[in-house]
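Chemist: So here's upload13.cif, just mmCIF, C-alpha atoms:
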data_run
#
loop_
_atom_site.label_atom_id
_atom_site.label_comp_id
_atom_site.auth_asym_id
_atom_site.auth_seq_id
_atom_site.Cartn_x
_atom_site.Cartn_y
_atom_site.Cartn_z
CA MET Q 42 13.69 36.07 -8.56
CA ALA Q 43 16.64 33.75 -8.66
CA PHE Q 44 16.27 30.02 -9.23
CA VAL Q 45 18.26 28.27 -6.53
CA ARG Q 46 19.35 24.64 -6.37
CA PHE Q 47 20.98 23.09 -3.32
CA LEU Q 48 22.57 19.68 -3.76
CA PHE Q 49 23.13 17.30 -0.86
CA ARG Q 50 24.56 13.80 -0.85
CA TYR Q 51 23.20 11.21 1.52
CA GLY Q 52 25.25 10.94 4.69
CA VAL Q 53 27.19 14.21 4.16
CA ARG Q 54 24.78 16.79 5.50
CA PRO Q 55 23.42 16.02 9.02
CA ALA Q 56 19.91 17.08 8.06
CA LEU Q 57 19.84 14.46 5.36
CA GLY Q 58 21.23 11.76 7.57
CA ALA Q 59 18.24 12.19 9.84
CA ALA Q 60 14.89 10.67 8.76
CA LEU Q 61 11.53 10.58 6.82
CA LEU Q 62 7.93 9.33 6.74
CA LEU Q 63 6.10 10.61 3.65
CA VAL Q 64 5.18 8.45 0.68
CA VAL Q 65 5.06 10.40 -2.56
CA GLY Q 66 2.81 9.77 -5.49
CA ALA Q 67 2.25 6.40 -7.08
CA VAL Q 68 4.24 3.24 -6.71
CA ALA Q 69 7.73 3.79 -8.13
CA PRO Q 70 9.99 0.87 -9.04
CA ALA Q 71 13.46 0.58 -7.60
CA VAL Q 72 16.22 -1.25 -9.44
CA ALA Q 73 17.07 -4.53 -7.80
CA ALA Q 74 19.74 -7.13 -8.02
CA ASP Q 75 19.09 -9.78 -10.65
CA ILE Q 76 16.44 -12.33 -9.70
CA ASP Q 77 13.88 -14.47 -11.49
CA THR Q 78 10.90 -16.47 -10.36
CA GLN Q 79 8.73 -19.43 -11.32
CA GLY Q 80 5.66 -17.26 -10.90
CA HIS Q 81 3.93 -16.12 -14.09
CA ASN Q 82 2.57 -12.92 -12.53
CA VAL Q 83 4.42 -11.29 -9.65
CA ILE Q 84 4.82 -8.03 -7.79
CA LEU Q 85 6.88 -7.39 -4.66
CA LEU Q 86 6.15 -4.09 -2.93
CA ASP Q 87 7.79 -2.32 -0.02
CA ALA Q 88 4.64 -0.99 1.62
CA THR Q 89 6.62 1.35 3.89
CA THR Q 90 7.52 3.61 0.95
CA ASN Q 91 5.18 2.27 -1.75
CA THR Q 92 8.17 1.12 -3.81
CA VAL Q 93 8.07 -1.81 -6.23
CA LEU Q 94 11.11 -4.03 -5.68
CA PHE Q 95 10.32 -6.56 -8.38
CA GLU Q 96 7.60 -7.15 -10.94
CA LYS Q 97 6.83 -9.63 -13.69
CA ASN Q 98 3.67 -9.38 -15.82
CA ALA Q 99 2.24 -7.33 -12.94
CA ASP Q 100 -0.35 -5.58 -15.12
CA GLN Q 101 -1.50 -8.64 -17.05
CA HIS Q 102 -5.11 -9.65 -16.48
CA MET Q 103 -5.26 -12.99 -14.68
CA PRO Q 104 -7.80 -15.23 -12.94
CA THR Q 105 -7.65 -14.51 -9.23
CA SER Q 106 -9.22 -17.67 -7.76
CA SER Q 107 -9.72 -17.33 -3.99
CA MET Q 108 -7.48 -14.27 -3.74
CA SER Q 109 -10.69 -12.46 -4.75
CA LYS Q 110 -11.96 -13.12 -1.23
CA VAL Q 111 -9.71 -10.33 0.07
CA MET Q 112 -11.85 -7.91 -1.95
CA SER Q 113 -15.00 -9.49 -0.55
CA ALA Q 114 -13.60 -9.21 2.97
CA PHE Q 115 -12.72 -5.55 2.40
CA VAL Q 116 -16.35 -4.69 1.61
CA VAL Q 117 -17.59 -6.78 4.55
CA PHE Q 118 -15.25 -4.90 6.89
CA GLU Q 119 -16.49 -1.58 5.52
CA ALA Q 120 -20.04 -2.66 6.32
CA LEU Q 121 -18.99 -3.58 9.86
CA ARG Q 122 -17.32 -0.25 10.42
CA ALA Q 123 -20.32 1.63 9.01
CA GLY Q 124 -22.69 -0.24 11.32
CA ARG Q 125 -24.63 -1.89 8.50
CA LEU Q 126 -23.45 -5.25 9.81
CA SER Q 127 -22.17 -6.55 13.13
CA LEU Q 128 -19.99 -9.52 13.98
CA ASP Q 129 -22.90 -11.05 15.92
CA ASP Q 130 -25.49 -10.69 13.14
CA MET Q 131 -26.90 -13.97 11.85
CA LEU Q 132 -27.09 -14.57 8.10
CA GLN Q 133 -29.12 -17.36 6.51
CA VAL Q 134 -27.62 -19.94 4.18
CA SER Q 135 -29.29 -20.05 0.77
CA GLU Q 136 -29.44 -23.09 -1.48
CA HIS Q 137 -27.02 -21.33 -3.86
CA ALA Q 138 -24.43 -20.97 -1.08
CA TRP Q 139 -25.04 -24.49 0.22
CA ARG Q 140 -24.60 -26.10 -3.21
CA MET Q 141 -21.42 -24.15 -4.06
CA GLN Q 142 -18.46 -26.38 -4.89
CA GLY Q 143 -14.74 -25.98 -4.25
CA SER Q 144 -13.29 -25.14 -0.86
CA LYS Q 145 -16.03 -25.04 1.76
CA MET Q 146 -16.83 -24.06 5.31
CA PHE Q 147 -19.55 -26.74 5.18
CA VAL Q 148 -22.51 -24.53 6.06
CA GLU Q 149 -25.91 -26.17 6.50
CA LEU Q 150 -28.82 -25.38 4.19
CA GLY Q 151 -31.17 -22.87 5.84
CA ALA Q 152 -28.95 -22.41 8.89
CA LYS Q 153 -28.33 -18.97 10.36
CA ILE Q 154 -24.65 -18.35 10.94
CA LYS Q 155 -22.88 -15.59 12.83
CA VAL Q 156 -21.07 -13.06 10.63
CA GLU Q 157 -17.79 -13.52 12.48
CA ASP Q 158 -17.90 -17.26 11.85
CA LEU Q 159 -18.57 -16.59 8.17
CA ILE Q 160 -15.60 -14.23 8.00
CA ARG Q 161 -13.34 -16.87 9.50
CA GLY Q 162 -14.84 -19.48 7.19
CA MET Q 163 -14.12 -17.30 4.16
CA VAL Q 164 -10.65 -16.06 5.15
CA ILE Q 165 -9.14 -19.02 7.04
CA GLN Q 166 -10.94 -21.98 5.44
CA SER Q 167 -11.33 -20.23 2.07
CA GLY Q 168 -14.98 -21.27 2.10
CA ASN Q 169 -16.79 -20.42 -1.11
CA ASP Q 170 -20.07 -21.09 0.68
CA ALA Q 171 -19.20 -18.62 3.45
CA ALA Q 172 -18.28 -15.92 0.93
CA ILE Q 173 -21.62 -16.33 -0.84
CA VAL Q 174 -23.62 -16.12 2.40
CA LEU Q 175 -21.86 -12.85 3.22
CA ALA Q 176 -22.36 -11.54 -0.32
CA GLU Q 177 -26.07 -12.32 -0.32
CA GLY Q 178 -26.46 -10.84 3.14
CA LEU Q 179 -24.95 -7.53 2.04
CA ALA Q 180 -26.17 -7.18 -1.53
CA GLY Q 181 -29.15 -9.54 -1.86
CA SER Q 182 -27.46 -11.70 -4.49
CA GLU Q 183 -23.95 -12.74 -5.44
CA ASP Q 184 -24.31 -11.06 -8.83
CA ALA Q 185 -25.21 -7.75 -7.19
CA PHE Q 186 -22.30 -8.16 -4.80
CA GLY Q 187 -19.94 -8.62 -7.75
CA VAL Q 188 -21.06 -5.26 -9.14
CA GLN Q 189 -20.65 -3.68 -5.71
CA ILE Q 190 -17.13 -4.93 -5.07
CA THR Q 191 -15.99 -4.04 -8.59
CA LYS Q 192 -17.17 -0.47 -8.06
CA ARG Q 193 -15.34 -0.32 -4.74
CA ALA Q 194 -12.20 -1.80 -6.29
CA HIS Q 195 -12.15 0.93 -8.92
CA GLU Q 196 -12.54 3.54 -6.20
CA LEU Q 197 -9.41 2.09 -4.56
CA GLY Q 198 -7.53 2.54 -7.83
CA MET Q 199 -7.85 -1.08 -8.97
CA ASN Q 200 -8.83 -0.11 -12.49
CA ASP Q 201 -7.65 -3.37 -14.09
CA SER Q 202 -9.98 -5.53 -11.99
CA ASN Q 203 -13.46 -6.89 -12.54
CA PHE Q 204 -15.22 -9.15 -10.04
CA VAL Q 205 -18.21 -11.18 -11.15
CA ASN Q 206 -18.61 -13.19 -7.95
CA ALA Q 207 -17.57 -13.18 -4.29
CA THR Q 208 -15.35 -16.25 -4.40
CA GLY Q 209 -13.02 -16.03 -7.38
CA TRP Q 210 -14.69 -19.06 -8.95
CA PRO Q 211 -13.43 -19.06 -12.55
CA VAL Q 212 -15.96 -17.45 -14.86
CA GLU Q 213 -15.62 -15.24 -17.89
CA ASN Q 214 -14.73 -11.60 -17.23
CA HIS Q 215 -13.59 -12.16 -13.64
CA TYR Q 216 -10.00 -10.94 -13.39
CA SER Q 217 -7.49 -8.72 -11.67
CA THR Q 218 -3.74 -8.03 -11.80
CA CYS Q 219 -0.89 -8.47 -9.36
CA ARG Q 220 -0.52 -4.69 -9.12
CA ASP Q 221 -4.20 -4.22 -8.31
CA LEU Q 222 -4.14 -6.98 -5.70
CA SER Q 223 -1.09 -5.39 -4.05
CA THR Q 224 -3.07 -2.14 -3.90
CA LEU Q 225 -5.91 -4.05 -2.27
CA ALA Q 226 -3.60 -5.75 0.24
CA LYS Q 227 -2.07 -2.44 1.30
CA ALA Q 228 -5.52 -0.85 1.61
CA MET Q 229 -6.70 -3.79 3.73
CA ILE Q 230 -3.72 -3.57 6.08
CA ASP Q 231 -3.84 0.23 6.40
CA THR Q 232 -7.62 0.58 6.65
CA PHE Q 233 -8.69 -2.29 8.89
CA PRO Q 234 -6.12 -3.04 11.59
CA GLU Q 235 -8.96 -4.16 13.87
CA TYR Q 236 -9.97 -6.94 11.43
CA TYR Q 237 -6.67 -7.80 9.80
CA HIS Q 238 -5.93 -10.44 12.46
CA TYR Q 239 -8.33 -12.87 10.77
CA PHE Q 240 -5.80 -13.34 7.97
CA SER Q 241 -3.11 -14.59 10.37
CA GLU Q 242 -5.27 -17.05 12.35
CA ARG Q 243 -3.97 -20.54 11.68
CA ASP Q 244 -7.13 -22.60 11.99
CA PHE Q 245 -10.87 -22.44 12.49
CA THR Q 246 -13.37 -25.09 13.53
CA TYR Q 247 -16.98 -24.98 12.38
CA HIS Q 248 -19.59 -27.70 12.74
CA GLY Q 249 -16.95 -29.96 14.25
CA ILE Q 250 -14.67 -29.65 11.22
CA LYS Q 251 -11.27 -28.08 11.90
CA GLN Q 252 -9.45 -26.62 8.92
CA GLY Q 253 -6.04 -24.96 8.84
CA ASN Q 254 -5.28 -21.67 7.15
CA ARG Q 255 -4.14 -22.43 3.61
CA ASN Q 256 -1.40 -19.79 3.67
CA PRO Q 257 1.76 -21.92 4.02
CA LEU Q 258 3.94 -18.98 5.07
CA LEU Q 259 2.05 -18.53 8.33
CA TYR Q 260 3.71 -21.70 9.57
CA ARG Q 261 7.24 -20.45 8.88
CA ASN Q 262 8.95 -18.03 11.22
CA ILE Q 263 9.51 -15.30 8.61
CA GLY Q 264 7.18 -12.53 9.79
CA VAL Q 265 4.22 -13.31 7.50
CA ASP Q 266 0.82 -12.25 8.88
CA GLY Q 267 -1.50 -12.68 5.86
CA LEU Q 268 -3.25 -12.70 3.50
CA LYS Q 269 -4.81 -15.24 1.10
CA THR Q 270 -4.09 -18.17 -1.16
CA GLY Q 271 -5.82 -19.08 -4.39
CA HIS Q 272 -5.90 -22.03 -6.75
CA THR Q 273 -7.82 -23.14 -9.81
CA GLU Q 274 -6.77 -25.30 -12.74
CA ILE Q 275 -6.72 -22.31 -15.07
CA ALA Q 276 -4.92 -19.91 -12.69
CA GLY Q 277 -2.48 -22.28 -11.05
CA PHE Q 278 -1.41 -21.63 -7.46
CA GLY Q 279 -1.33 -18.08 -6.16
CA LEU Q 280 -0.79 -16.13 -2.97
CA ILE Q 281 -1.14 -12.64 -1.57
CA ALA Q 282 1.41 -12.48 1.26
CA SER Q 283 2.57 -9.78 3.62
CA ALA Q 284 5.44 -9.85 6.09
CA VAL Q 285 6.83 -7.43 8.67
CA ARG Q 286 10.38 -7.18 10.01
CA ASP Q 287 11.75 -4.37 12.16
CA GLY Q 288 8.76 -2.21 11.35
CA ARG Q 289 9.15 -2.67 7.59
CA ARG Q 290 6.36 -4.36 5.61
CA LEU Q 291 6.62 -6.14 2.27
CA ILE Q 292 3.64 -7.22 0.20
CA LEU Q 293 3.94 -9.98 -2.41
CA VAL Q 294 1.38 -11.09 -4.97
CA ILE Q 295 2.28 -14.13 -7.04
CA ASN Q 296 0.20 -16.30 -9.36
CA GLY Q 297 0.64 -19.10 -11.87
CA LEU Q 298 2.80 -21.42 -9.78
CA GLN Q 299 2.64 -25.11 -10.61
CA SER Q 300 2.25 -26.74 -7.20
CA MET Q 301 1.42 -26.22 -3.55
CA GLN Q 302 5.08 -26.75 -2.70
CA ALA Q 303 6.11 -24.01 -5.12
CA ARG Q 304 3.53 -21.75 -3.50
CA ALA Q 305 5.19 -22.39 -0.15
CA ASP Q 306 8.80 -22.00 -1.27
CA GLU Q 307 8.83 -19.34 -3.98
CA PRO Q 308 7.05 -16.56 -2.04
CA ALA Q 309 9.29 -17.21 0.96
CA ARG Q 310 12.37 -16.89 -1.25
CA LEU Q 311 11.17 -13.62 -2.80
CA LEU Q 312 10.30 -12.08 0.56
CA GLU Q 313 13.70 -13.04 1.98
CA TRP Q 314 15.36 -11.47 -1.05
CA GLY Q 315 13.37 -8.25 -0.65
CA PHE Q 316 14.30 -7.87 3.00
CA ARG Q 317 17.95 -8.73 2.33
CA GLU Q 318 18.68 -6.70 -0.80
CA PHE Q 319 16.81 -3.49 0.05
CA ASN Q 320 16.75 -1.11 2.97
CA VAL Q 321 14.57 1.84 3.90
CA TYR Q 322 16.56 5.04 4.35
CA THR Q 323 15.09 7.90 6.33
CA LEU Q 324 15.94 11.27 4.83
CA PHE Q 325 13.78 13.61 6.90
CA LYS Q 326 11.67 13.18 9.99
CA PRO Q 327 8.16 14.64 10.11
CA GLY Q 328 8.48 18.36 10.80
CA GLU Q 329 12.28 18.36 10.52
CA PRO Q 330 13.52 21.54 8.76
CA VAL Q 331 15.24 20.87 5.46
CA ASP Q 332 16.65 24.41 5.23
CA GLU Q 333 15.62 28.06 5.43
CA LEU Q 334 14.77 30.06 2.34
CA PRO Q 335 15.08 33.87 2.05
CA VAL Q 336 11.89 35.92 2.03
CA TRP Q 337 11.29 39.23 0.24
CA LEU Q 338 9.37 41.93 2.12
CA GLY Q 339 8.50 39.62 5.00
CA GLN Q 340 8.45 40.29 8.73
CA SER Q 341 11.03 37.49 8.89
CA ALA Q 342 14.03 37.42 6.56
CA THR Q 343 13.77 33.63 6.10
CA VAL Q 344 11.25 30.82 6.43
CA PRO Q 345 12.03 27.20 7.42
CA VAL Q 346 10.88 24.59 4.92
CA ILE Q 347 9.93 20.98 5.59
CA THR Q 348 8.67 17.97 3.64
CA GLY Q 349 5.42 17.85 5.60
CA GLY Q 350 5.25 14.24 6.71
CA GLY Q 351 8.95 13.58 6.38
CA PHE Q 352 10.39 11.26 3.77
CA LYS Q 353 11.74 7.71 3.41
CA VAL Q 354 13.08 5.89 0.36
CA THR Q 355 13.64 2.22 -0.34
CA LEU Q 356 16.86 1.49 -2.19
CA ALA Q 357 18.98 -1.49 -3.06
CA GLN Q 358 22.03 -1.25 -0.84
CA GLN Q 359 24.39 -0.43 -3.72
CA GLU Q 360 22.13 2.46 -4.80
CA ARG Q 361 22.53 4.26 -1.51
CA ARG Q 362 26.08 5.35 -2.30
CA GLY Q 363 24.88 7.42 -5.25
CA LEU Q 364 21.82 8.93 -3.58
CA LYS Q 365 21.48 12.67 -4.22
CA VAL Q 366 18.88 15.10 -2.88
CA THR Q 367 18.46 18.41 -4.68
CA MET Q 368 16.39 21.30 -3.32
CA GLN Q 369 14.83 23.54 -5.95
CA ALA Q 370 13.07 26.84 -5.26
CA GLN Q 371 12.54 30.33 -6.69
CA VAL Q 372 14.05 32.73 -4.16
CA PRO Q 373 13.54 35.05 -2.50
CA LEU Q 374 10.01 33.94 -1.70
CA PRO Q 375 7.56 36.87 -1.78
CA ALA Q 376 5.70 37.58 1.45
CA PRO Q 377 3.12 36.90 2.72
CA ILE Q 378 3.78 33.19 3.12
CA VAL Q 379 1.18 30.90 4.65
CA LYS Q 380 2.29 27.95 6.76
CA GLY Q 381 1.82 24.75 4.74
CA ALA Q 382 2.10 26.48 1.36
CA THR Q 383 4.27 24.71 -1.22
CA VAL Q 384 7.39 26.78 -1.83
CA GLY Q 385 9.72 24.38 -3.64
CA LYS Q 386 10.59 20.75 -4.03
CA LEU Q 387 13.19 18.11 -3.30
CA VAL Q 388 14.37 15.90 -6.16
CA ILE Q 389 15.74 12.51 -5.10
CA THR Q 390 17.95 10.61 -7.53
CA ALA Q 391 20.21 7.55 -7.41
CA PRO Q 392 21.75 5.24 -10.01
CA GLY Q 393 19.00 3.04 -11.39
CA PHE Q 394 16.42 4.67 -9.10
CA VAL Q 395 13.29 6.30 -10.52
CA THR Q 396 13.57 10.02 -9.76
CA ARG Q 397 11.09 11.19 -7.15
CA GLU Q 398 9.99 14.70 -6.30
CA VAL Q 399 8.81 15.79 -2.87
CA PRO Q 400 7.01 19.09 -2.24
CA LEU Q 401 8.65 21.48 0.22
CA VAL Q 402 6.22 23.47 2.36
CA ALA Q 403 6.63 26.47 4.59
CA ALA Q 404 6.89 25.55 8.26
CA ALA Q 405 5.71 28.96 9.51
CA ASP Q 406 3.65 31.98 8.54
CA VAL Q 407 5.61 34.99 7.36
CA PRO Q 408 3.38 38.09 7.22
CA ARG Q 409 4.21 40.85 4.79
CA LEU Q 410 5.92 43.97 6.10
CA GLY Q 411 3.78 47.07 6.58
CA PHE Q 412 4.08 50.05 4.27
CA LEU Q 413 6.97 51.66 6.14
CA GLY Q 414 8.78 48.37 6.42
CA ARG Q 415 8.42 47.69 2.71
CA LEU Q 416 9.65 51.21 1.98
CA GLY Q 417 12.71 50.66 4.17
CA ALA Q 418 13.42 47.30 2.57
CA ALA Q 419 13.18 48.80 -0.89
CA ALA Q 420 15.54 51.61 0.07
CA HIS Q 421 18.00 49.10 1.55
CA HIS Q 422 17.85 47.05 -1.63
CA VAL Q 423 18.54 50.11 -3.80
CA MET Q 424 21.45 51.21 -1.62
CA PHE Q 425 23.05 47.93 -0.71
CA GLY Q 426 21.53 45.26 -2.95
CA GLY Q 427 20.48 41.83 -1.73
CA THR Q 428 17.06 40.95 -0.43
#
As structure tokens, how would this structure be written, given the file I've shared?

Modeler:
Amino acid sequence: MAFVRFLFRYGVRPALGAALLLVVGAVAPAVAADIDTQGHNVILLDATTNTVLFEKNADQHMPTSSMSKVMSAFVVFEALRAGRLSLDDMLQVSEHAWRMQGSKMFVELGAKIKVEDLIRGMVIQSGNDAAIVLAEGLAGSEDAFGVQITKRAHELGMNDSNFVNATGWPVENHYSTCRDLSTLAKAMIDTFPEYYHYFSERDFTYHGIKQGNRNPLLYRNIGVDGLKTGHTEIAGFGLIASAVRDGRRLILVINGLQSMQARADEPARLLEWGFREFNVYTLFKPGEPVDELPVWLGQSATVPVITGGGFKVTLAQQERRGLKVTMQAQVPLPAPIVKGATVGKLVITAPGFVTREVPLVAAADVPRLGFLGRLGAAAHHVMFGGT
């Protein structure tokens, strides 16, 4: 079999100028224009293509403060979806929850509070007391809940995270990373669209006390719809933020800022930069044929190949000019070929861009020729060559 490579340049071949919707593999960093930040730990992710646009100490263990509550909310939402909990269930306030310090929903000792109110108290008001009531209601104790959410975090791929409590209250061995928290944010957005709205609600009133959402970017008209702030003396000021423009979503995790004002301004600046400096380029639409490859001893002489779900890439605007897409395959492909089988790959390269490979799959079945057909094909090959 021959090894065949086809090289296309973006914008030259019509098929490549079309579109794409598949995210390949793990997060891959793009090369960005020069930028720096006051944040000590930062990651900026284009969630549309799972591409890192900027990172700084993104894998360094750090205290998470109240950003941990996104992990607590994730497990609560899973319990709601599984039917182990309902929004109208009433959970009782323990003395441990009632006595908890820091940001509070101001629950009453011994009171029974609706789960939905507790969710809003935890997410909007950043109530440590609300988070503990939910934790105890699901796991029996906050310690047990910490074990539970750590296990779930690792299942999500957050292997550099350990949660000791439900709130992010600073204790030894409670930590995460910006990369892990970006993984969590994307999982939250993708998995729970029916509950994600809590993160964008601007205020909540409980027991006559109205508190505004602590996320400062919700009050700016920049497309932000979540997720959660955090602050402790040891961690500084942090934020998990997500914003959408024209169907494109960015996720930012930043920690170690020195003031509330910095937490309002610096994330906004980084999000604006990400939307301005990078674009998403659609290479192939879902189901769009990339090409046709020759088949040996098949009932069809060729088979169309596709990328499966299509493919998009995020690139800095200057990188687009050097974008190359190479198709690699061993041809002719031997029949029979099963629809959906991997038959080659696309290799996407650009200056400063981390090379990505996309599997090519057969878009149709190609049965093998019968005995007489194979005999005729062999005779034709002997006499005339070719496939």

Chemist: Just so the selection is clear, what residues does the PyMOL selection byres ((chain Q and resi 342) around 10) cover here, as a PDB file with C-alpha atoms, in the coordinates of the input?

Modeler:
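Contents of the output file expr.pdb:
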ATOM      1  CA  GLU Q 333      15.620  28.060   5.430  1.00  0.00           C
ATOM      2  CA  LEU Q 334      14.770  30.060   2.340  1.00  0.00           C
ATOM      3  CA  PRO Q 335      15.080  33.870   2.050  1.00  0.00           C
ATOM      4  CA  VAL Q 336      11.890  35.920   2.030  1.00  0.00           C
ATOM      5  CA  TRP Q 337      11.290  39.230   0.240  1.00  0.00           C
ATOM      6  CA  LEU Q 338       9.370  41.930   2.120  1.00  0.00           C
ATOM      7  CA  GLY Q 339       8.500  39.620   5.000  1.00  0.00           C
ATOM      8  CA  GLN Q 340       8.450  40.290   8.730  1.00  0.00           C
ATOM      9  CA  SER Q 341      11.030  37.490   8.890  1.00  0.00           C
ATOM     10  CA  THR Q 343      13.770  33.630   6.100  1.00  0.00           C
ATOM     11  CA  VAL Q 344      11.250  30.820   6.430  1.00  0.00           C
ATOM     12  CA  PRO Q 373      13.540  35.050  -2.500  1.00  0.00           C
ATOM     13  CA  LEU Q 374      10.010  33.940  -1.700  1.00  0.00           C
ATOM     14  CA  ALA Q 376       5.700  37.580   1.450  1.00  0.00           C
ATOM     15  CA  VAL Q 407       5.610  34.990   7.360  1.00  0.00           C
ATOM     16  CA  THR Q 428      17.060  40.950  -0.430  1.00  0.00           C
TER      17      THR Q 428
END

Chemist: Looking at only C-alpha atoms, which of Q:Ile165, Q:Val116, Q:Val354, Q:Ala152 is the one that sits closest to His238 (chain Q)?

Modeler: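 Looking at the shortest contact to His238 (chain Q), the residue is Q:Ile165.
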
Chemist: Find, counting all atoms listed in the file, the residue in Q:Leu291, Q:Ala180, Q:Met103, Q:Ile263 that gets nearest to Glu213 (chain Q).

Modeler: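 Among the listed residues, the smallest separation from Glu213 (chain Q) belongs to Q:Met103.
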
Chemist: Enumerate, as a ChimeraX atom specification, the residues matched when the PyMOL selection byres ((chain Q and resi 381) around 10) is run on the file above.

Modeler: /Q:346-349,378-380,382-384,401-406

Chemist: Which residues are close to region 141-150 of chain Q, i.e. within 8 Å by all atoms listed in the file, leaving aside same-chain residues fewer than 6 positions away? Reply as a list in words.

Modeler: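 That gives Val134, Ser135, Gly162, Met163, Gln166, Ser167, Gly168, Asn169, Asp170, Ala171, Tyr247 and His248 of chain Q.
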
Chemist: Write out the residues from the selection above, keeping C-alpha atoms, as a PDB file, keeping the file's coordinate frame.

Modeler:
ATOM      1  CA  VAL Q 134     -27.620 -19.940   4.180  1.00  0.00           C
ATOM      2  CA  SER Q 135     -29.290 -20.050   0.770  1.00  0.00           C
ATOM      3  CA  GLY Q 162     -14.840 -19.480   7.190  1.00  0.00           C
ATOM      4  CA  MET Q 163     -14.120 -17.300   4.160  1.00  0.00           C
ATOM      5  CA  GLN Q 166     -10.940 -21.980   5.440  1.00  0.00           C
ATOM      6  CA  SER Q 167     -11.330 -20.230   2.070  1.00  0.00           C
ATOM      7  CA  GLY Q 168     -14.980 -21.270   2.100  1.00  0.00           C
ATOM      8  CA  ASN Q 169     -16.790 -20.420  -1.110  1.00  0.00           C
ATOM      9  CA  ASP Q 170     -20.070 -21.090   0.680  1.00  0.00           C
ATOM     10  CA  ALA Q 171     -19.200 -18.620   3.450  1.00  0.00           C
ATOM     11  CA  TYR Q 247     -16.980 -24.980  12.380  1.00  0.00           C
ATOM     12  CA  HIS Q 248     -19.590 -27.700  12.740  1.00  0.00           C
TER      13      HIS Q 248
END

Chemist: Could you expand the PyMOL selection byres ((chain Q and resi 222-228) around 8) into the explicit residues it covers here, written as number ranges by chain?

Modeler: Q: 84, 86, 88, 111-112, 194, 197-199, 217-221, 229-232, 268, 281, 292-294

Chemist: Could you tell me how far CA of Ala207 (chain Q) sits from CA of His102 (chain Q), in Å to one decimal place?

Modeler: 17.8 Å

Chemist: CA of Ser182 (chain Q) and CA of Ser109 (chain Q) are how many Å apart?

Modeler: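 Taking CA of Ser182 (chain Q) and CA of Ser109 (chain Q), their separation equals 16.8 Å.
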
Chemist: Tell me which protein, DNA and RNA residues are within 12 Å of Arg122 (chain Q), counting all atoms listed in the file, leaving out same-chain ones fewer than 6 positions away, and put them as a PyMOL selection string.

Modeler: chain Q and resi 115-116+128+232-236

Chemist: What gap, in Å, lies between CA of Phe278 (chain Q) and CA of Phe240 (chain Q)?

Modeler: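 That distance, rounded to one decimal, is 18.1 Å.
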
Chemist: Which residues, written as a ChimeraX atom specification, have at least one atom at most 9 Å from Gly267 (chain Q), with all atoms listed in the file counted and residues fewer than 4 positions away on the same chain left out?

Modeler: /Q:237-242,256,258-259,281-284

Chemist: Supply region 138-149 of chain Q as an mmCIF file, in the coordinates of the input, with N, CA and C atoms built in where the input has gaps.

Modeler:
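Output (part_11.cif):
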data_model
loop_
_atom_site.group_PDB
_atom_site.id
_atom_site.type_symbol
_atom_site.label_atom_id
_atom_site.label_comp_id
_atom_site.auth_asym_id
_atom_site.auth_seq_id
_atom_site.Cartn_x
_atom_site.Cartn_y
_atom_site.Cartn_z
ATOM 1 N N ALA Q 138 -25.662 -20.898 -1.885
ATOM 2 C CA ALA Q 138 -24.430 -20.970 -1.080
ATOM 3 C C ALA Q 138 -24.149 -22.418 -0.671
ATOM 4 N N TRP Q 139 -25.192 -23.121 -0.267
ATOM 5 C CA TRP Q 139 -25.040 -24.490 0.220
ATOM 6 C C TRP Q 139 -24.525 -25.428 -0.869
ATOM 7 N N ARG Q 140 -24.987 -25.233 -2.092
ATOM 8 C CA ARG Q 140 -24.600 -26.100 -3.210
ATOM 9 C C ARG Q 140 -23.237 -25.750 -3.806
ATOM 10 N N MET Q 141 -22.660 -24.608 -3.441
ATOM 11 C CA MET Q 141 -21.420 -24.150 -4.060
ATOM 12 C C MET Q 141 -20.308 -25.172 -3.865
ATOM 13 N N GLN Q 142 -19.550 -25.401 -4.925
ATOM 14 C CA GLN Q 142 -18.460 -26.380 -4.890
ATOM 15 C C GLN Q 142 -17.131 -25.704 -4.552
ATOM 16 N N GLY Q 143 -16.055 -26.495 -4.587
ATOM 17 C CA GLY Q 143 -14.740 -25.980 -4.250
ATOM 18 C C GLY Q 143 -14.497 -26.010 -2.754
ATOM 19 N N SER Q 144 -13.584 -25.186 -2.293
ATOM 20 C CA SER Q 144 -13.290 -25.140 -0.860
ATOM 21 C C SER Q 144 -14.520 -24.668 -0.101
ATOM 22 N N LYS Q 145 -14.765 -25.284 1.065
ATOM 23 C CA LYS Q 145 -16.030 -25.040 1.760
ATOM 24 C C LYS Q 145 -15.807 -24.901 3.265
ATOM 25 N N MET Q 146 -16.706 -24.138 3.857
ATOM 26 C CA MET Q 146 -16.830 -24.060 5.310
ATOM 27 C C MET Q 146 -17.775 -25.160 5.813
ATOM 28 N N PHE Q 147 -18.558 -25.704 4.901
ATOM 29 C CA PHE Q 147 -19.550 -26.740 5.180
ATOM 30 C C PHE Q 147 -20.722 -26.181 6.000
ATOM 31 N N VAL Q 148 -21.305 -25.100 5.454
ATOM 32 C CA VAL Q 148 -22.510 -24.530 6.060
ATOM 33 C C VAL Q 148 -23.688 -25.453 5.791
ATOM 34 N N GLU Q 149 -24.720 -25.335 6.639
ATOM 35 C CA GLU Q 149 -25.910 -26.170 6.500
ATOM 36 C C GLU Q 149 -27.012 -25.377 5.812
#
